[in-house]
$ cat upload32.cif   # mmCIF, C-alpha atoms
data_start
loop_
_atom_site.label_atom_id
_atom_site.label_comp_id
_atom_site.auth_asym_id
_atom_site.auth_seq_id
_atom_site.Cartn_x
_atom_site.Cartn_y
_atom_site.Cartn_z
CA MET A 1 -48.65 14.86 -46.36
CA ALA A 2 -46.90 14.27 -49.54
CA ARG A 3 -43.58 12.77 -48.80
CA THR A 4 -42.71 11.69 -52.20
CA GLY A 5 -39.40 12.80 -53.45
CA ARG A 6 -37.78 12.95 -49.99
CA LYS A 7 -34.63 10.90 -49.86
CA SER A 8 -34.88 9.41 -46.39
CA PRO A 9 -36.85 10.32 -43.32
CA GLU A 10 -34.04 9.19 -40.95
CA VAL A 11 -32.20 11.45 -38.58
CA ASN A 12 -28.67 11.89 -39.68
CA SER A 13 -26.68 9.84 -37.24
CA SER A 14 -23.22 10.19 -38.61
CA SER A 15 -22.22 12.66 -35.91
CA MET A 16 -23.43 10.34 -33.17
CA ALA A 17 -20.03 8.70 -32.98
CA ASP A 18 -18.38 12.07 -32.51
CA ILE A 19 -20.71 13.02 -29.70
CA ALA A 20 -20.18 9.68 -28.01
CA PHE A 21 -16.43 10.06 -28.43
CA LEU A 22 -16.52 13.43 -26.76
CA LEU A 23 -18.39 12.06 -23.77
CA LEU A 24 -16.11 9.05 -23.66
CA ILE A 25 -13.03 11.21 -23.56
CA PHE A 26 -14.54 13.33 -20.82
CA PHE A 27 -15.15 10.28 -18.65
CA LEU A 28 -11.76 8.81 -19.47
CA VAL A 29 -10.07 11.95 -18.27
CA THR A 30 -12.11 12.43 -15.13
CA THR A 31 -12.02 8.82 -14.00
CA THR A 32 -9.61 8.15 -11.22
CA ILE A 33 -9.57 4.45 -10.71
CA ALA A 34 -9.84 4.01 -7.00
CA THR A 35 -6.45 3.01 -5.66
CA ASP A 36 -6.97 1.41 -2.33
CA LYS A 37 -3.49 0.06 -2.20
CA GLY A 38 -0.64 0.61 0.12
CA LEU A 39 1.62 -0.75 2.80
CA THR A 40 -0.35 -2.26 5.64
CA ILE A 41 0.92 -2.39 9.18
CA THR A 42 -0.66 -3.16 12.50
CA LEU A 43 0.21 -0.79 15.27
CA PRO A 44 1.20 -2.08 18.69
CA PRO A 45 -1.42 -1.69 21.43
CA LYS A 46 -1.45 1.42 23.54
CA ALA A 47 1.34 1.58 26.05
CA ASP A 48 0.11 1.29 29.60
CA PRO A 49 1.25 4.41 31.45
CA ASN A 50 1.27 2.58 34.78
CA GLN A 51 3.73 0.00 33.64
CA PRO A 52 7.28 0.86 32.78
CA PRO A 53 8.32 -0.28 29.32
CA PRO A 54 9.68 -3.82 29.45
CA ASP A 55 13.42 -4.22 29.57
CA ILE A 56 14.97 -5.30 26.37
CA THR A 57 16.42 -8.71 26.95
CA LYS A 58 17.15 -9.48 23.38
CA ASN A 59 20.68 -10.02 22.31
CA LYS A 60 22.07 -7.38 20.09
CA ARG A 61 22.79 -9.92 17.39
CA ASN A 62 19.08 -10.56 17.07
CA ILE A 63 18.27 -6.97 16.30
CA PHE A 64 18.86 -5.46 12.90
CA THR A 65 18.84 -1.72 13.36
CA ILE A 66 18.00 0.84 10.74
CA GLN A 67 18.11 4.48 11.66
CA VAL A 68 17.28 7.50 9.58
CA ASN A 69 18.05 11.00 10.68
CA SER A 70 16.34 14.26 9.89
CA SER A 71 18.41 14.88 6.80
CA ASP A 72 17.43 11.45 5.40
CA ARG A 73 20.79 9.84 6.01
CA ILE A 74 20.46 6.13 6.64
CA LEU A 75 22.40 4.07 9.14
CA VAL A 76 22.09 0.31 8.80
CA GLU A 77 23.71 -1.72 11.58
CA GLU A 78 25.84 1.33 12.47
CA GLU A 79 27.09 1.64 8.91
CA PRO A 80 26.01 4.51 6.68
CA MET A 81 24.11 3.46 3.60
CA GLU A 82 23.62 5.56 0.52
CA ASP A 83 21.52 3.32 -1.67
CA ILE A 84 18.76 1.26 -0.14
CA THR A 85 18.42 -1.25 -2.94
CA GLY A 86 20.77 -3.65 -1.16
CA LEU A 87 18.73 -3.48 2.01
CA ARG A 88 16.28 -6.18 1.04
CA LYS A 89 19.00 -8.77 0.58
CA MET A 90 20.64 -7.80 3.88
CA VAL A 91 17.34 -8.22 5.70
CA LYS A 92 16.71 -11.59 4.11
CA GLU A 93 20.16 -12.81 5.05
CA PHE A 94 19.70 -11.53 8.58
CA VAL A 95 16.34 -13.22 9.07
CA LEU A 96 17.45 -16.48 7.53
CA ASN A 97 20.77 -16.61 9.31
CA PHE A 98 19.95 -19.46 11.77
CA GLY A 99 22.96 -18.79 14.01
CA LYS A 100 21.80 -21.26 16.60
CA ILE A 101 19.96 -24.27 15.34
CA ASP A 102 18.31 -26.24 18.11
CA GLN A 103 15.82 -29.07 17.90
CA GLU A 104 12.87 -26.77 17.54
CA ASN A 105 13.99 -24.83 14.54
CA GLN A 106 15.93 -27.63 12.91
CA ALA A 107 12.62 -28.76 11.43
CA LEU A 108 11.88 -25.23 10.32
CA TYR A 109 15.25 -24.98 8.68
CA ASN A 110 14.82 -28.31 6.94
CA SER A 111 11.45 -27.23 5.58
CA LEU A 112 12.97 -24.34 3.70
CA PRO A 113 13.41 -24.55 -0.04
CA PRO A 114 17.03 -24.69 -1.23
CA SER A 115 16.92 -21.13 -2.53
CA LEU A 116 16.33 -19.86 1.00
CA LYS A 117 18.76 -22.31 2.61
CA SER A 118 21.52 -20.90 0.46
CA LEU A 119 20.99 -17.49 2.03
CA SER A 120 21.55 -18.91 5.47
CA GLN A 121 25.07 -18.12 6.60
CA LYS A 122 24.88 -19.45 10.16
CA VAL A 123 27.24 -16.86 11.60
CA GLU A 124 27.45 -16.15 15.31
CA THR A 125 27.11 -12.43 14.94
CA SER A 126 23.72 -12.46 13.24
CA SER A 127 20.26 -13.63 14.29
CA ASP A 128 19.68 -16.94 16.09
CA ASN A 129 16.51 -17.90 14.28
CA PRO A 130 13.70 -16.16 12.37
CA GLU A 131 11.45 -16.03 15.37
CA GLU A 132 14.03 -14.16 17.41
CA ALA A 133 15.10 -11.84 14.62
CA VAL A 134 13.75 -8.34 14.91
CA ILE A 135 14.11 -5.49 12.46
CA SER A 136 14.20 -2.24 14.36
CA PHE A 137 13.42 0.78 12.24
CA LYS A 138 13.81 4.17 13.80
CA ALA A 139 13.19 7.43 12.06
CA ASP A 140 13.34 11.04 13.14
CA ARG A 141 10.46 13.48 13.20
CA GLY A 142 12.26 15.36 10.48
CA THR A 143 12.69 12.34 8.21
CA SER A 144 10.80 12.72 4.97
CA TYR A 145 7.83 10.44 4.46
CA ASP A 146 9.16 9.38 1.08
CA ILE A 147 12.29 7.78 2.53
CA TYR A 148 10.30 6.23 5.34
CA ILE A 149 7.94 4.52 2.92
CA SER A 150 10.70 3.31 0.65
CA ILE A 151 12.56 1.71 3.55
CA LEU A 152 9.40 0.15 4.95
CA ASP A 153 8.74 -1.12 1.45
CA GLU A 154 12.13 -2.84 1.32
CA LEU A 155 11.65 -4.40 4.76
CA GLN A 156 8.23 -5.78 3.97
CA GLY A 157 9.48 -6.86 0.58
CA ALA A 158 12.17 -9.00 2.20
CA TYR A 159 9.61 -10.81 4.31
CA TYR A 160 7.11 -11.23 1.50
CA GLU A 161 9.79 -12.70 -0.72
CA ILE A 162 10.66 -15.23 1.97
CA TYR A 163 6.98 -16.09 2.45
CA GLY A 164 6.42 -16.40 -1.24
CA GLU A 165 9.40 -18.68 -1.76
CA ARG A 166 8.31 -20.96 1.05
CA VAL A 167 5.05 -21.76 -0.69
CA GLY A 168 6.50 -21.58 -4.17
CA MET A 169 5.02 -18.37 -5.48
CA SER A 170 6.22 -14.87 -6.13
CA ALA A 171 5.99 -12.12 -3.52
CA ASP A 172 3.31 -10.44 -5.60
CA ASP A 173 1.16 -13.54 -5.68
CA PHE A 174 1.63 -14.05 -1.99
CA ARG A 175 0.40 -10.57 -1.17
CA ALA A 176 -2.65 -11.11 -3.34
CA LEU A 177 -3.73 -14.19 -1.38
CA ASP A 178 -7.32 -13.94 -0.27
CA ARG A 179 -7.52 -15.12 3.30
CA LYS A 180 -11.22 -15.74 3.09
CA LYS A 181 -10.66 -18.72 0.83
CA PRO A 182 -9.61 -21.79 2.85
CA GLU A 183 -6.96 -23.11 0.47
CA GLN A 184 -5.35 -19.69 0.16
CA GLU A 185 -5.55 -19.09 3.89
CA GLU A 186 -3.76 -22.39 4.38
CA LYS A 187 -0.94 -21.24 2.14
CA TYR A 188 -0.80 -17.93 3.96
CA THR A 189 -0.43 -19.50 7.39
CA ARG A 190 2.00 -22.10 6.10
CA ALA A 191 4.22 -19.41 4.64
CA ARG A 192 4.23 -17.35 7.80
CA ASP A 193 4.63 -20.25 10.21
CA GLY A 194 7.79 -19.68 12.23
CA PHE A 195 8.56 -16.45 10.40
CA PRO A 196 6.73 -13.64 12.17
CA MET A 197 7.14 -10.29 10.50
CA ASN A 198 9.04 -8.66 13.31
CA ILE A 199 9.34 -5.13 12.07
CA SER A 200 9.51 -2.84 15.02
CA ILE A 201 8.93 0.79 14.23
CA ALA A 202 10.43 2.68 17.10
CA GLU A 203 9.17 5.97 18.32
CA PRO A 204 11.15 8.60 16.49
CA THR A 205 13.69 10.97 17.86
CA LYS A 206 12.86 14.64 17.98
CA ILE A 207 16.03 16.23 16.76
CA GLY A 208 14.70 17.36 13.41
CA GLY A 209 11.38 18.70 14.61
CA ASN A 210 8.48 18.94 12.25
CA MET B 1 -3.26 -17.29 -58.98
CA ALA B 2 -6.70 -17.15 -60.40
CA LYS B 3 -8.18 -17.87 -57.02
CA PHE B 4 -7.04 -14.56 -55.61
CA LYS B 5 -8.34 -12.40 -58.35
CA LYS B 6 -8.97 -8.89 -57.21
CA LYS B 7 -12.55 -7.90 -56.96
CA ALA B 8 -11.96 -4.44 -58.18
CA ASN B 9 -15.48 -3.21 -58.41
CA ILE B 10 -16.35 -3.62 -54.71
CA THR B 11 -15.98 -0.57 -52.48
CA GLN B 12 -13.34 -0.86 -49.78
CA ASP B 13 -15.10 1.10 -46.99
CA ILE B 14 -15.34 -0.41 -43.58
CA PRO B 15 -18.93 -0.17 -42.46
CA THR B 16 -19.06 2.41 -39.68
CA ALA B 17 -22.70 2.08 -38.83
CA SER B 18 -22.01 0.19 -35.61
CA LEU B 19 -19.27 2.55 -34.48
CA PRO B 20 -21.59 4.67 -32.32
CA ASP B 21 -22.79 1.55 -30.57
CA ILE B 22 -19.27 0.46 -29.76
CA ILE B 23 -18.38 3.87 -28.48
CA PHE B 24 -21.53 4.04 -26.41
CA MET B 25 -20.69 0.73 -24.85
CA LEU B 26 -17.29 2.02 -23.81
CA LEU B 27 -18.92 5.20 -22.60
CA PHE B 28 -21.36 3.32 -20.39
CA PHE B 29 -18.54 1.23 -19.01
CA PHE B 30 -16.63 4.30 -17.91
CA MET B 31 -19.75 6.01 -16.62
CA VAL B 32 -20.56 3.04 -14.44
CA THR B 33 -17.05 2.54 -13.10
CA THR B 34 -16.38 6.19 -12.39
CA VAL B 35 -16.60 6.97 -8.74
CA LEU B 36 -17.05 10.61 -8.12
CA ARG B 37 -15.18 11.83 -5.12
CA GLU B 38 -17.25 12.40 -2.06
CA SER B 39 -15.03 15.03 -0.57
CA THR B 40 -12.80 17.57 -2.17
CA ILE B 41 -9.23 17.18 -1.12
CA MET B 42 -7.81 20.40 0.16
CA VAL B 43 -4.24 19.31 0.65
CA LYS B 44 -1.47 18.62 -1.78
CA GLN B 45 -1.45 14.93 -2.63
CA SER B 46 1.41 13.32 -4.34
CA ILE B 47 1.36 9.79 -3.01
CA PRO B 48 4.70 8.00 -2.71
CA LYS B 49 5.37 4.89 -4.72
CA ALA B 50 6.16 1.47 -3.36
CA THR B 51 6.32 -2.12 -4.56
CA GLN B 52 4.95 -4.23 -1.72
CA LEU B 53 1.37 -3.11 -2.01
CA ARG B 54 -1.60 -4.91 -0.61
CA LYS B 55 -5.18 -4.30 -1.50
CA LEU B 56 -7.86 -3.51 1.00
CA GLU B 57 -10.70 -5.91 0.63
CA GLN B 58 -13.63 -4.35 2.37
CA LYS B 59 -14.17 -0.75 1.45
CA LYS B 60 -16.68 -0.02 4.16
CA LEU B 61 -14.13 -0.77 6.84
CA VAL B 62 -11.77 1.87 5.53
CA SER B 63 -11.58 5.50 6.60
CA TYR B 64 -9.36 8.00 4.92
CA MET B 65 -7.19 10.75 6.24
CA TYR B 66 -5.30 13.08 3.99
CA VAL B 67 -2.11 14.74 5.07
CA GLY B 68 -0.17 17.36 3.20
CA LYS B 69 0.38 21.02 2.65
CA PRO B 70 -2.88 22.92 2.13
CA ASN B 71 -3.67 23.88 -1.42
CA ASP B 72 -4.67 27.32 -0.22
CA PRO B 73 -1.70 28.49 1.82
CA LYS B 74 -3.13 31.98 2.36
CA LYS B 75 -6.06 30.59 4.28
CA PHE B 76 -4.60 27.58 6.01
CA GLY B 77 -0.87 28.21 6.20
CA SER B 78 1.93 26.26 4.60
CA GLU B 79 2.48 23.64 7.29
CA PRO B 80 1.15 20.12 6.56
CA ARG B 81 -2.37 19.63 7.86
CA ILE B 82 -4.67 16.66 8.34
CA GLN B 83 -7.92 16.45 6.45
CA ALA B 84 -10.65 14.03 7.39
CA ASN B 85 -13.89 14.03 5.48
CA ASP B 86 -14.38 17.59 4.33
CA ALA B 87 -12.59 19.60 6.95
CA PHE B 88 -9.19 20.10 8.44
CA ILE B 89 -8.81 18.61 11.88
CA ASP B 90 -6.06 19.17 14.37
CA ILE B 91 -4.16 16.37 15.98
CA ASP B 92 -6.59 15.98 18.90
CA GLY B 93 -9.54 15.85 16.53
CA ILE B 94 -8.31 12.48 15.29
CA ILE B 95 -9.66 10.73 18.36
CA GLN B 96 -13.11 12.14 17.73
CA PHE B 97 -12.91 11.34 14.03
CA ILE B 98 -12.00 7.72 14.64
CA GLU B 99 -14.71 7.31 17.26
CA GLU B 100 -17.23 8.65 14.77
CA GLU B 101 -16.01 6.28 12.08
CA LYS B 102 -16.18 3.37 14.49
CA GLY B 103 -19.72 4.38 15.40
CA LYS B 104 -20.76 3.81 11.80
CA LEU B 105 -19.70 0.17 11.93
CA ALA B 106 -21.33 -2.80 13.56
CA GLU B 107 -20.02 -3.90 16.93
CA SER B 108 -18.15 -6.89 15.54
CA GLU B 109 -16.43 -4.83 12.87
CA LYS B 110 -15.16 -2.03 15.07
CA GLU B 111 -11.86 -3.76 15.65
CA GLN B 112 -11.31 -4.08 11.95
CA LEU B 113 -11.52 -0.43 11.08
CA THR B 114 -8.58 0.38 8.85
CA ILE B 115 -7.26 3.88 8.49
CA SER B 116 -5.82 4.66 5.11
CA LEU B 117 -3.34 7.46 5.42
CA LYS B 118 -2.83 9.36 2.23
CA VAL B 119 0.24 11.35 2.92
CA ASP B 120 1.98 13.68 0.55
CA ASP B 121 5.56 12.59 -0.04
CA GLU B 122 7.01 15.94 0.95
CA THR B 123 5.65 15.63 4.45
CA LYS B 124 7.95 15.06 7.38
CA MET B 125 7.47 12.05 9.62
CA GLY B 126 6.57 14.09 12.71
CA ILE B 127 2.92 14.58 11.85
CA VAL B 128 2.56 10.98 10.67
CA VAL B 129 3.92 9.69 13.94
CA ASP B 130 1.53 11.92 15.89
CA ILE B 131 -1.37 10.40 13.98
CA THR B 132 -0.25 6.85 14.68
CA GLN B 133 0.09 7.66 18.37
CA LYS B 134 -3.49 8.95 18.48
CA MET B 135 -4.66 5.87 16.63
CA ARG B 136 -3.04 3.67 19.23
CA ASP B 137 -4.77 5.68 21.94
CA VAL B 138 -8.21 4.88 20.53
CA ASN B 139 -7.27 1.31 19.68
CA ALA B 140 -7.57 1.71 15.93
CA ARG B 141 -4.53 -0.32 15.11
CA LYS B 142 -4.94 -1.20 11.49
CA LEU B 143 -3.14 1.27 9.33
CA MET B 144 -2.33 1.52 5.70
CA TYR B 145 0.09 3.93 4.17
CA ALA B 146 -1.47 4.54 0.79
CA ALA B 147 1.04 4.21 -2.02
CA GLY B 148 1.09 3.95 -5.75
CA LYS B 149 2.58 1.14 -7.76
CA LYS B 150 6.23 1.45 -8.52
CA ALA B 151 7.51 -0.36 -11.54
CA GLU B 152 10.00 -2.99 -10.44
CA LEU B 153 13.37 -2.84 -12.05
#

$ encode --input "upload32.cif" --output "structure tokens"
Amino acid sequence: MARTGRKSPEVNSSSMADIAFLLLIFFLVTTTIATDKGLTITLPPKADPNQPPPDITKNKRNIFTIQVNSSDRILVEEEPMEDITGLRKMVKEFVLNFGKIDQENQALYNSLPPSLKSLSQKVETSSDNPEEAVISFKADRGTSYDIYISILDELQGAYYEIYGERVGMSADDFRALDRKKPEQEEKYTRARDGFPMNISIAEPTKIGGN
Amino acid sequence: MAKFKKKANITQDIPTASLPDIIFMLLFFFMVTTVLRESTIMVKQSIPKATQLRKLEQKKLVSYMYVGKPNDPKKFGSEPRIQANDAFIDIDGIIQFIEEEKGKLAESEKEQLTISLKVDDETKMGIVVDITQKMRDVNARKLMYAAGKKAEL
């Protein structure tokens, strides 16, 4: 076994990087980072067929209606709306209106940070207090899912912004709160106290069909 | 400026001997994090975008349903269909599907089953509403409309 004269017995590893790069690029391209994100809602319990639906006793001023028809036209409080970007502010103003301040919600109102108090207009024609305020969202079977999601997004956004401001954080941070940790759970409940997310998604009309 | 005298006779090459190692490290990272899909999706999926996203914490409590137009319209038609696991189901099959998914969970977790609806954005609301009605019927009330992240303006 005369090995004299050979330069080096090593395997040439200069192409190793290229091979690794190729594999790396393959995995980079095929990886889909799992996106378990979305808009969460809790559905109402099953309607009891033996009981007639309860009569609506709410005052009209406490209900903020949004309707979408099968050609994706939007009606907000009986007024047509072209661009939904203003919806979030309208919802916030509606929820924070405090038309009737009684003893119970005086404390709630006082606890609000000034940025939220300034949104409160205290007009007769809008909601009495946040607990009474209901957002009613009604779509049609022919409404496109895209519009539905973007409106739901705006509605939830309005609430999350209110919650976030109450505990002094952004809406994004509020949504990221981990309820398993006691101090974050405390913030979560404190933010939502007195402000239930009353988004009612009505059963859709059937004019558009599917 | 004598201190900064150029050392002209030293080669300027960056040593690349450790490059393969670095690349391999990246490669292993991606190999480990890659989750291969369990089921092939047979419907068109272009998920709408939204801003108010929340993350689902416990993966094992989540079941997925895919809604959209079939990728193979000759076989399955061009109307939006529901896919659960590996097969298309019709609207009444949802009840069975959810019961099966609940059966996989422990008794205390059954209430917490979350359905993640991955709906194509060209779908009409009709089919989505039908699904939610069936979910209410079997008392699976936690629902998530899957959405991608929209850049805020």

$ resolve_selection --input "upload32.cif" --expression "the PyMOL selection byres ((chain A and resi 135) around 6)" --output "PDB file with C-alpha atoms, keeping the file's coordinate frame"
ATOM      1  CA  ILE A  63      18.270  -6.970  16.300  1.00  0.00           C
ATOM      2  CA  PHE A  64      18.860  -5.460  12.900  1.00  0.00           C
ATOM      3  CA  VAL A 134      13.750  -8.340  14.910  1.00  0.00           C
ATOM      4  CA  SER A 136      14.200  -2.240  14.360  1.00  0.00           C
ATOM      5  CA  ILE A 199       9.340  -5.130  12.070  1.00  0.00           C
ATOM      6  CA  SER A 200       9.510  -2.840  15.020  1.00  0.00           C
TER       7      SER A 200
END

$ closest_residue --input "upload32.cif" --among "A:Leu43, A:Val91, A:Leu22, A:Val68" --to "chain B" --atoms "all atoms listed in the file"
A:Leu43

$ residues_around --input "upload32.cif" --residues "stretch 63-67 of chain B" --least-positions-apart "4" --cutoff "8 Å" --atoms "all atoms listed in the file" --output "list in words"
Ile41, Val43, Lys44, Gln45, Pro80, Arg81, Ile82, Gln83, Ala84, Asn85, Glu101, Leu113, Thr114, Ile115, Ser116, Leu117, Lys118, Val119, Asp120 and Thr123 of chain B

$ resolve_selection --input "upload32.cif" --expression "the PyMOL selection byres ((chain B and resi 102) around 10)" --output "ChimeraX atom specification"
/B:61,63,96-101,103-107,109-114,140

$ resolve_selection --input "upload32.cif" --expression "the PyMOL selection byres ((chain A and resi 157-172) around 7)" --output "list in words"
Arg88, Val91, Lys92, Leu112, Pro113, Asp153, Glu154, Leu155, Gln156, Asp173, Phe174, Arg175, Ala176, Lys187, Ala191, Arg192 and Met197 of chain A; Gln52 of chain B

$ interface_residues --input "upload32.cif" --of "chain B" --to "chain A" --cutoff "8 Å" --atoms "all atoms listed in the file" --output "ChimeraX atom specification"
/B:19-20,23-24,26-27,30-31,34-36,48-56,119-127,129,132,136-137,139,141-148

$ atom_distance --input "upload32.cif" --atom1 "atom CA of A:Arg61" --atom2 "atom CA of A:Ser127"
5.5 Å

$ atom_distance --input "upload32.cif" --atom1 "atom CA of A:Ile84" --atom2 "atom CA of A:Thr189"
29.3 Å

$ closest_residue --input "upload32.cif" --among "A:Ser111, A:Asn59, A:Asn198, A:Ser120" --to "A:Met90" --atoms "all atoms listed in the file"
A:Ser120

$ atom_distance --input "upload32.cif" --atom1 "atom CA of A:Ser118" --atom2 "atom CA of A:Glu93"
9.4 Å

$ axis_aligned_box --input "upload32.cif" --around "stretch 44-57 of chain B" --padding-each-side "8 Å" --output "AutoDock Vina command-line options"
--center_x -2.2 --center_y 6.4 --center_z -1.9 --size_x 33.0 --size_y 40.5 --size_z 21.7

$ closest_residue --input "upload32.cif" --among "B:Val138, B:Val128, B:Met42, B:Val32" --to "B:Asn71" --atoms "only C-alpha atoms"
B:Met42
